[in-house]
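Here is upload08.txt, consisting of compact mmCIF, C-alpha atoms:
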# COMPACT_ATOMS: atom_id res chain seq x y z
CA MET A 245 0.00 0.00 0.00
CA GLY A 246 2.85 2.33 0.84
CA MET A 247 4.54 1.49 -2.44
CA PHE A 248 1.28 2.22 -4.31
CA LEU A 249 0.90 5.61 -2.68
CA MET A 250 4.52 6.48 -3.46
CA LEU A 251 4.08 5.60 -7.15
CA LEU A 252 0.83 7.56 -7.25
CA GLY A 253 2.54 10.63 -5.80
CA LEU A 254 5.45 10.32 -8.19
CA ALA A 255 3.03 10.07 -11.16
CA ALA A 256 1.23 13.19 -9.96
CA VAL A 257 4.50 15.11 -9.75
CA VAL A 258 5.54 13.96 -13.28
CA THR A 259 2.13 14.93 -14.67
CA ALA A 260 2.37 18.37 -13.08
CA LEU A 261 5.85 18.91 -14.53
CA GLN A 262 4.65 17.78 -17.98
CA SER A 263 1.72 20.21 -17.89
CA VAL A 264 4.02 23.07 -16.92
CA PHE A 265 6.45 22.17 -19.74
CA LEU A 266 3.64 21.86 -22.32
CA SER A 267 2.11 25.19 -21.33
CA TYR A 268 5.55 26.82 -21.73
CA LEU A 269 5.91 25.33 -25.22
CA TRP A 270 2.41 26.53 -26.15
CA ARG A 271 3.19 30.11 -25.12
CA GLU A 272 6.48 30.05 -27.05
CA SER A 273 4.70 28.88 -30.20
CA ARG A 274 2.39 31.95 -30.01
CA THR A 275 5.28 34.48 -29.63
CA PRO A 276 6.50 36.05 -32.98
CA ALA A 277 9.99 34.98 -34.01
CA SER A 278 11.20 38.60 -34.52
CA PRO A 279 9.18 41.27 -32.78
CA MET A 280 8.23 44.30 -34.95
CA LEU A 281 9.68 47.62 -33.84
CA ASP A 282 7.30 50.52 -33.80
CA ALA A 283 8.77 53.86 -34.83
CA ALA A 284 7.17 55.48 -31.79
CA ASP A 285 9.07 53.07 -29.54
CA VAL A 286 12.39 53.94 -31.17
CA VAL A 287 11.98 57.68 -31.36
CA GLY A 288 10.20 58.22 -28.07
CA PRO A 289 8.98 61.53 -26.80
CA PRO A 290 11.08 64.67 -27.44
CA GLN A 291 13.68 65.38 -24.78
CA PHE A 292 13.57 68.53 -22.72
CA PHE A 293 16.99 69.82 -23.81
CA GLN A 294 16.07 69.42 -27.49
CA VAL A 295 13.04 71.63 -27.09
CA SER A 296 15.02 74.30 -25.27
CA VAL A 297 17.83 74.30 -27.84
CA GLY A 298 15.35 74.57 -30.70
CA ARG A 299 17.18 72.69 -33.46
CA SER A 300 18.52 69.18 -33.24
CA ARG A 301 22.09 68.27 -34.14
CA ALA A 302 20.78 66.67 -37.34
CA ASP A 303 19.04 69.89 -38.32
CA ARG A 304 22.18 71.94 -37.66
CA SER A 305 24.34 69.65 -39.78
CA ALA A 306 21.72 69.83 -42.56
CA GLY A 307 21.90 73.61 -42.37
CA THR A 308 25.63 73.59 -42.89
CA GLN A 309 25.17 71.36 -45.95
CA VAL A 310 22.93 73.83 -47.76
CA PRO A 311 25.78 75.85 -49.37
CA LEU A 312 27.36 72.62 -50.59
CA LEU A 313 24.04 71.37 -51.96
CA LEU A 314 23.43 74.71 -53.67
CA GLN A 315 26.87 74.52 -55.26
CA ARG A 316 26.16 71.00 -56.52
CA LEU A 317 22.72 72.01 -57.75
CA GLU A 318 24.06 74.95 -59.74
CA GLN A 319 26.84 72.79 -61.19
CA HIS A 320 24.19 70.24 -62.18
CA ILE A 321 22.14 72.97 -63.90
CA ARG A 322 25.16 74.27 -65.83
CA LEU A 323 26.12 70.79 -67.03
CA GLU A 324 22.56 69.86 -67.96
CA GLN A 325 22.07 73.13 -69.81
CA ALA A 326 25.32 72.60 -71.71
CA ALA A 327 24.16 69.08 -72.64
CA ALA A 328 20.77 70.43 -73.75
CA GLU A 329 22.44 73.14 -75.86
CA SER A 330 24.63 70.48 -77.43
CA PHE A 331 21.46 68.54 -78.29
CA HIS A 332 19.95 71.72 -79.73
CA GLN A 333 22.95 72.09 -82.07
CA TYR A 334 23.08 68.42 -83.09
CA PRO A 335 19.75 66.82 -82.19
CA THR A 336 20.07 63.05 -81.92
CA VAL A 337 18.65 60.57 -79.42
CA ALA A 338 22.18 59.85 -78.22
CA SER A 339 23.02 63.51 -77.61
CA LEU A 340 19.71 64.06 -75.82
CA HIS A 341 20.57 61.47 -73.19
CA GLN A 342 24.32 62.01 -73.10
CA HIS A 343 25.56 61.58 -69.52
CA THR A 344 27.27 64.42 -67.70
CA SER A 345 29.56 64.44 -64.67
CA SER A 346 26.88 66.10 -62.56
CA PRO A 347 27.61 65.55 -58.85
CA LEU A 348 23.89 65.02 -58.22
CA LEU A 349 23.82 61.94 -60.45
CA HIS A 350 26.97 60.15 -59.28
CA MET B 289 25.11 97.96 -85.00
CA THR B 290 27.19 95.18 -83.46
CA ARG B 291 26.90 96.15 -79.79
CA HIS B 292 23.55 94.38 -79.32
CA PRO B 293 23.66 91.55 -81.85
CA GLU B 294 20.95 89.53 -80.15
CA LEU B 295 18.27 92.20 -80.42
CA PHE B 296 19.40 94.41 -83.30
CA ALA B 297 20.82 91.84 -85.75
CA GLY B 298 19.83 92.61 -89.35
CA LEU B 299 18.88 96.22 -88.68
CA PRO B 300 20.39 99.16 -90.61
CA ASP B 301 22.63 101.28 -88.39
CA ALA B 302 20.19 104.21 -88.52
CA SER B 303 17.32 102.07 -87.24
CA ALA B 304 19.48 100.51 -84.52
CA THR B 305 20.59 103.95 -83.39
CA ALA B 306 16.99 105.19 -83.34
CA LEU B 307 15.94 102.17 -81.30
CA GLU B 308 18.84 102.57 -78.90
CA ALA B 309 17.70 106.15 -78.28
CA LEU B 310 14.46 104.74 -76.85
CA GLY B 311 16.36 103.08 -74.03
CA SER B 312 17.70 104.61 -70.88
CA ARG B 313 21.02 103.59 -69.37
CA MET B 314 21.10 102.18 -65.87
CA THR B 315 23.82 100.82 -63.61
CA LEU B 316 23.65 98.02 -61.07
CA GLU B 317 26.23 97.23 -58.43
CA PRO B 318 26.96 93.63 -57.37
CA GLY B 319 23.97 92.10 -55.62
CA HIS B 320 21.51 94.73 -56.74
CA VAL B 321 18.20 93.25 -57.89
CA LEU B 322 16.91 94.24 -61.34
CA PHE B 323 13.53 92.54 -60.88
CA ARG B 324 11.87 89.89 -58.75
CA ILE B 325 9.34 87.15 -59.39
CA GLY B 326 5.87 88.61 -59.85
CA ASP B 327 7.07 92.15 -60.56
CA ASP B 328 5.32 94.05 -63.33
CA ALA B 329 7.39 93.55 -66.48
CA SER B 330 7.48 96.96 -68.12
CA HIS B 331 11.01 97.09 -69.57
CA LEU B 332 13.12 94.99 -71.89
CA TYR B 333 16.81 95.05 -70.97
CA VAL B 334 20.01 94.70 -72.97
CA ILE B 335 23.26 94.18 -71.05
CA GLU B 336 26.01 96.51 -72.20
CA HIS B 337 28.65 95.48 -69.67
CA GLY B 338 28.74 93.10 -66.74
CA ALA B 339 26.69 90.04 -65.82
CA ILE B 340 23.16 89.39 -64.59
CA GLU B 341 22.27 86.23 -62.68
CA LEU B 342 18.80 84.72 -63.09
CA ARG B 343 17.50 82.84 -60.05
CA MET B 344 14.46 80.78 -59.19
CA PRO B 345 13.31 79.66 -55.73
CA MET B 346 13.78 76.06 -54.59
CA GLN B 347 13.43 74.17 -51.32
CA VAL B 348 16.87 72.84 -50.33
CA GLU B 349 16.97 70.79 -47.11
CA GLY B 350 13.86 72.58 -45.93
CA HIS B 351 15.29 76.02 -46.66
CA ASP B 352 13.95 78.51 -49.22
CA GLU B 353 16.87 79.17 -51.55
CA ASP B 354 17.17 81.16 -54.76
CA VAL B 355 19.06 78.91 -57.14
CA ARG B 356 21.04 80.41 -60.00
CA ILE B 357 19.72 78.91 -63.22
CA GLU B 358 21.42 81.11 -65.80
CA GLU B 359 23.85 83.97 -66.27
CA CYS B 360 23.41 86.64 -68.94
CA LEU B 361 26.44 88.52 -70.21
CA ALA B 362 27.10 91.60 -72.36
CA GLY B 363 24.98 91.60 -75.53
CA HIS B 364 22.25 89.41 -74.02
CA THR B 365 18.65 90.58 -73.84
CA LEU B 366 16.50 89.82 -70.82
CA GLY B 367 13.05 90.65 -69.59
CA TRP B 368 11.06 88.82 -72.28
CA SER B 369 8.02 88.91 -70.02
CA THR B 370 7.75 92.58 -70.97
CA LEU B 371 6.53 91.51 -74.41
CA VAL B 372 4.54 88.45 -73.33
CA PRO B 373 1.24 88.65 -71.41
CA PRO B 374 0.55 88.73 -68.50
CA HIS B 375 3.69 90.89 -68.31
CA ARG B 376 4.96 89.52 -64.98
CA PHE B 377 8.54 88.46 -64.36
CA THR B 378 8.87 84.77 -63.61
CA LEU B 379 12.31 84.80 -61.99
CA GLU B 380 14.69 87.07 -60.13
CA ALA B 381 17.51 88.96 -61.86
CA SER B 382 20.42 90.53 -60.01
CA ALA B 383 23.86 91.84 -60.89
CA ARG B 384 26.84 89.58 -60.21
CA VAL B 385 29.32 92.37 -60.92
CA HIS B 386 29.13 96.07 -61.79
CA THR B 387 26.67 96.02 -64.69
CA GLU B 388 25.40 98.55 -67.19
CA LEU B 389 22.16 98.03 -69.08
CA LEU B 390 19.86 99.65 -71.57
CA ALA B 391 16.24 99.61 -70.41
CA PHE B 392 13.56 99.83 -73.11
CA PRO B 393 10.01 100.72 -71.99
CA ARG B 394 7.43 98.40 -73.53
CA ASP B 395 5.11 101.22 -74.59
CA ALA B 396 7.90 103.09 -76.39
CA LEU B 397 9.07 99.93 -78.15
CA LEU B 398 5.60 98.94 -79.34
CA ALA B 399 4.82 102.48 -80.48
CA TYR B 400 8.05 102.55 -82.49
CA PHE B 401 7.29 99.17 -84.03
CA SER B 402 3.83 100.40 -85.03
CA SER B 403 5.28 103.42 -86.80
CA HIS B 404 8.20 101.42 -88.27
CA PRO B 405 6.80 97.94 -88.98
CA ASP B 406 9.88 96.90 -90.95
CA VAL B 407 12.04 97.51 -87.86
CA GLY B 408 9.47 95.82 -85.62
CA TYR B 409 9.48 92.78 -87.90
CA VAL B 410 13.27 92.39 -87.69
CA VAL B 411 13.45 92.93 -83.93
CA LEU B 412 10.55 90.59 -83.17
CA ARG B 413 12.09 88.00 -85.52
CA ASN B 414 15.33 88.26 -83.51
CA ILE B 415 13.39 87.88 -80.28
CA ALA B 416 11.48 84.89 -81.68
CA ALA B 417 14.77 83.23 -82.65
CA VAL B 418 16.20 83.62 -79.16
CA LEU B 419 12.97 82.53 -77.47
CA GLY B 420 12.70 79.50 -79.77
CA GLN B 421 16.29 78.48 -79.03
CA ARG B 422 15.70 78.79 -75.30
CA LEU B 423 12.43 76.87 -75.48
CA GLN B 424 14.11 73.97 -77.29
CA VAL B 425 17.03 73.95 -74.84
CA PHE B 426 14.69 73.93 -71.86
CA GLN B 427 12.53 71.22 -73.46
CA ALA B 428 15.65 69.09 -73.75
CA MET B 429 16.60 69.87 -70.16
CA TRP B 430 13.12 68.88 -69.00
CA VAL B 431 13.25 65.56 -70.85
CA ARG B 432 16.73 64.89 -69.43
CA GLN B 433 15.52 65.52 -65.88
CA MET B 434 12.52 63.22 -66.44
CA GLN B 435 14.93 60.56 -67.71
CA HIS B 436 17.07 61.01 -64.58
CA ILE B 437 13.97 60.53 -62.42
CA MET B 438 13.06 57.37 -64.34
CA ASP B 439 16.61 56.04 -63.95
CA LEU B 440 16.61 56.75 -60.20
CA THR B 441 13.14 55.19 -59.80
CA ASN B 442 14.24 52.00 -61.51
CA ALA B 443 17.63 51.84 -59.78
Please lay out the structure from this file as structure tokens.
Amino acid sequence: MGMFLMLLGLAAVVTALQSVFLSYLWRESRTPASPMLDAADVVGPPQFFQVSVGRSRADRSAGTQVPLLLQRLEQHIRLEQAAAESFHQYPTVASLHQHTSSPLLH
Amino acid sequence: MTRHPELFAGLPDASATALEALGSRMTLEPGHVLFRIGDDASHLYVIEHGAIELRMPMQVEGHDEDVRIEECLAGHTLGWSTLVPPHRFTLEASARVHTELLAFPRDALLAYFSSHPDVGYVVLRNIAAVLGQRLQVFQAMWVRQMQHIMDLTNA
């Protein structure tokens, strides 16, 4: 009788462990393999010092790039106009789409 | 008259001199604006000396910038909007260096052309030639930019 009770208790413990293990596996199977990141989670709310400064570091660096971009833009316009004038003198399909060394295209 | 070949080509010297008398001389220092976008276009200009930059507004990195699209040098004519309705300038013109121009009032020009149709025919033919050349060049530029967009889209 004692042996029977011991086996019964052991079976109950094994069954409990199996149920815990199976429930763990079931939860894992419902969890996505790679969780999706929401942009709001990455960016987060604006920081206090950013508001007080006014412009972020990214904005300031963009501001300093404007003269360089303007220079490239005007160089692009000059090259494209020269290519278009060349097409006007000798209009062919090849001359219309002749590539230039424009910094905006390379 | 060889000083203003773009506008006066093909005219007898006497007619060119008479036309030139309709204009008034003006001087611009570097950076001075001749006209802005939307201004009433009442004068046609011929550059005698110097250089005029033509600019149009663009958004660059979120900033409003006037981008130089063309430079006109001595002998060039500018201010075509004076002769084309609705007579509003469509870009900004300013002097890059010390510049001297002849400014022709539209009313005086048209009145002279009415009384001297042979002169008006030659001058308007010259203007049509320049405008046609510029239209074809800018058509080609437009097609090239569209091609660039297509290439970038498919890249």
Residues of chain B that have any atom at most 10 Å from an atom of chain A: could you tabulate them with the shortest-distance atom pair and the distance in Å to one decimal, using all atoms listed in the file, ordered by chain and increasing number, as JSON lines?
{"residue": "B:Met346", "atom": "CA", "partner": "A:Leu314", "partner_atom": "CA", "distance": 9.8}
{"residue": "B:Val348", "atom": "CA", "partner": "A:Val310", "partner_atom": "CA", "distance": 6.7}
{"residue": "B:Glu349", "atom": "CA", "partner": "A:Ala306", "partner_atom": "CA", "distance": 6.6}
{"residue": "B:Gly350", "atom": "CA", "partner": "A:Gly307", "partner_atom": "CA", "distance": 8.9}
{"residue": "B:His351", "atom": "CA", "partner": "A:Val310", "partner_atom": "CA", "distance": 8.0}
{"residue": "B:Glu353", "atom": "CA", "partner": "A:Leu314", "partner_atom": "CA", "distance": 8.2}
{"residue": "B:Asp354", "atom": "CA", "partner": "A:Leu314", "partner_atom": "CA", "distance": 9.1}
{"residue": "B:Val355", "atom": "CA", "partner": "A:Glu318", "partner_atom": "CA", "distance": 6.9}
{"residue": "B:Arg356", "atom": "CA", "partner": "A:Glu318", "partner_atom": "CA", "distance": 6.2}
{"residue": "B:Ile357", "atom": "CA", "partner": "A:Ile321", "partner_atom": "CA", "distance": 6.4}
{"residue": "B:Glu358", "atom": "CA", "partner": "A:Arg322", "partner_atom": "CA", "distance": 7.8}
{"residue": "B:Glu359", "atom": "CA", "partner": "A:Arg322", "partner_atom": "CA", "distance": 9.8}
{"residue": "B:Gln421", "atom": "CA", "partner": "A:His332", "partner_atom": "CA", "distance": 7.7}
{"residue": "B:Arg422", "atom": "CA", "partner": "A:Glu329", "partner_atom": "CA", "distance": 8.8}
{"residue": "B:Gln424", "atom": "CA", "partner": "A:His332", "partner_atom": "CA", "distance": 6.7}
{"residue": "B:Val425", "atom": "CA", "partner": "A:Ala328", "partner_atom": "CA", "distance": 5.3}
{"residue": "B:Phe426", "atom": "CA", "partner": "A:Ala328", "partner_atom": "CA", "distance": 7.3}
{"residue": "B:Gln427", "atom": "CA", "partner": "A:Ala328", "partner_atom": "CA", "distance": 8.3}
{"residue": "B:Ala428", "atom": "CA", "partner": "A:Ala328", "partner_atom": "CA", "distance": 5.3}
{"residue": "B:Met429", "atom": "CA", "partner": "A:Ala328", "partner_atom": "CA", "distance": 5.5}
{"residue": "B:Trp430", "atom": "CA", "partner": "A:Ala328", "partner_atom": "CA", "distance": 9.1}
{"residue": "B:Val431", "atom": "CA", "partner": "A:Leu340", "partner_atom": "CA", "distance": 8.3}
{"residue": "B:Arg432", "atom": "CA", "partner": "A:His341", "partner_atom": "CA", "distance": 6.4}
{"residue": "B:Gln433", "atom": "CA", "partner": "A:Glu324", "partner_atom": "CA", "distance": 8.5}
{"residue": "B:Gln435", "atom": "CA", "partner": "A:His341", "partner_atom": "CA", "distance": 7.9}
{"residue": "B:His436", "atom": "CA", "partner": "A:Leu349", "partner_atom": "CA", "distance": 8.0}
{"residue": "B:Asp439", "atom": "CA", "partner": "A:Leu349", "partner_atom": "CA", "distance": 10.0}
{"residue": "B:Leu440", "atom": "CA", "partner": "A:Leu349", "partner_atom": "CA", "distance": 8.9}
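Closest approach to Asp327 of chain B from the set B:Pro374, B:Pro393, B:Gly420, B:Pro405 is made by B:Pro374, with distances taken over all atoms listed in the file.
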Pick out the residues sitting within 12 Å of Leu322 of chain B, and hand them over as a PyMOL selection string; count all atoms listed in the file, and ignore anything fewer than 6 positions along from it in its own chain. chain B and resi 314-316+328-333+335+339-343+366-367+377+379-384+387-391
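Our summary of the geometry notes that atom CA of Thr365 of chain B is positioned 15.1 Å from atom CA of Leu423 of chain B.
For the choices B:Glu308, B:Pro293, B:His386, B:Asn442, the atom-to-atom distance to Gly363 of chain B is smallest for B:Pro293 when using all atoms listed in the file.
Our summary of the geometry notes that atom CA of Phe392 of chain B is positioned 19.6 Å from atom CA of Glu317 of chain B.
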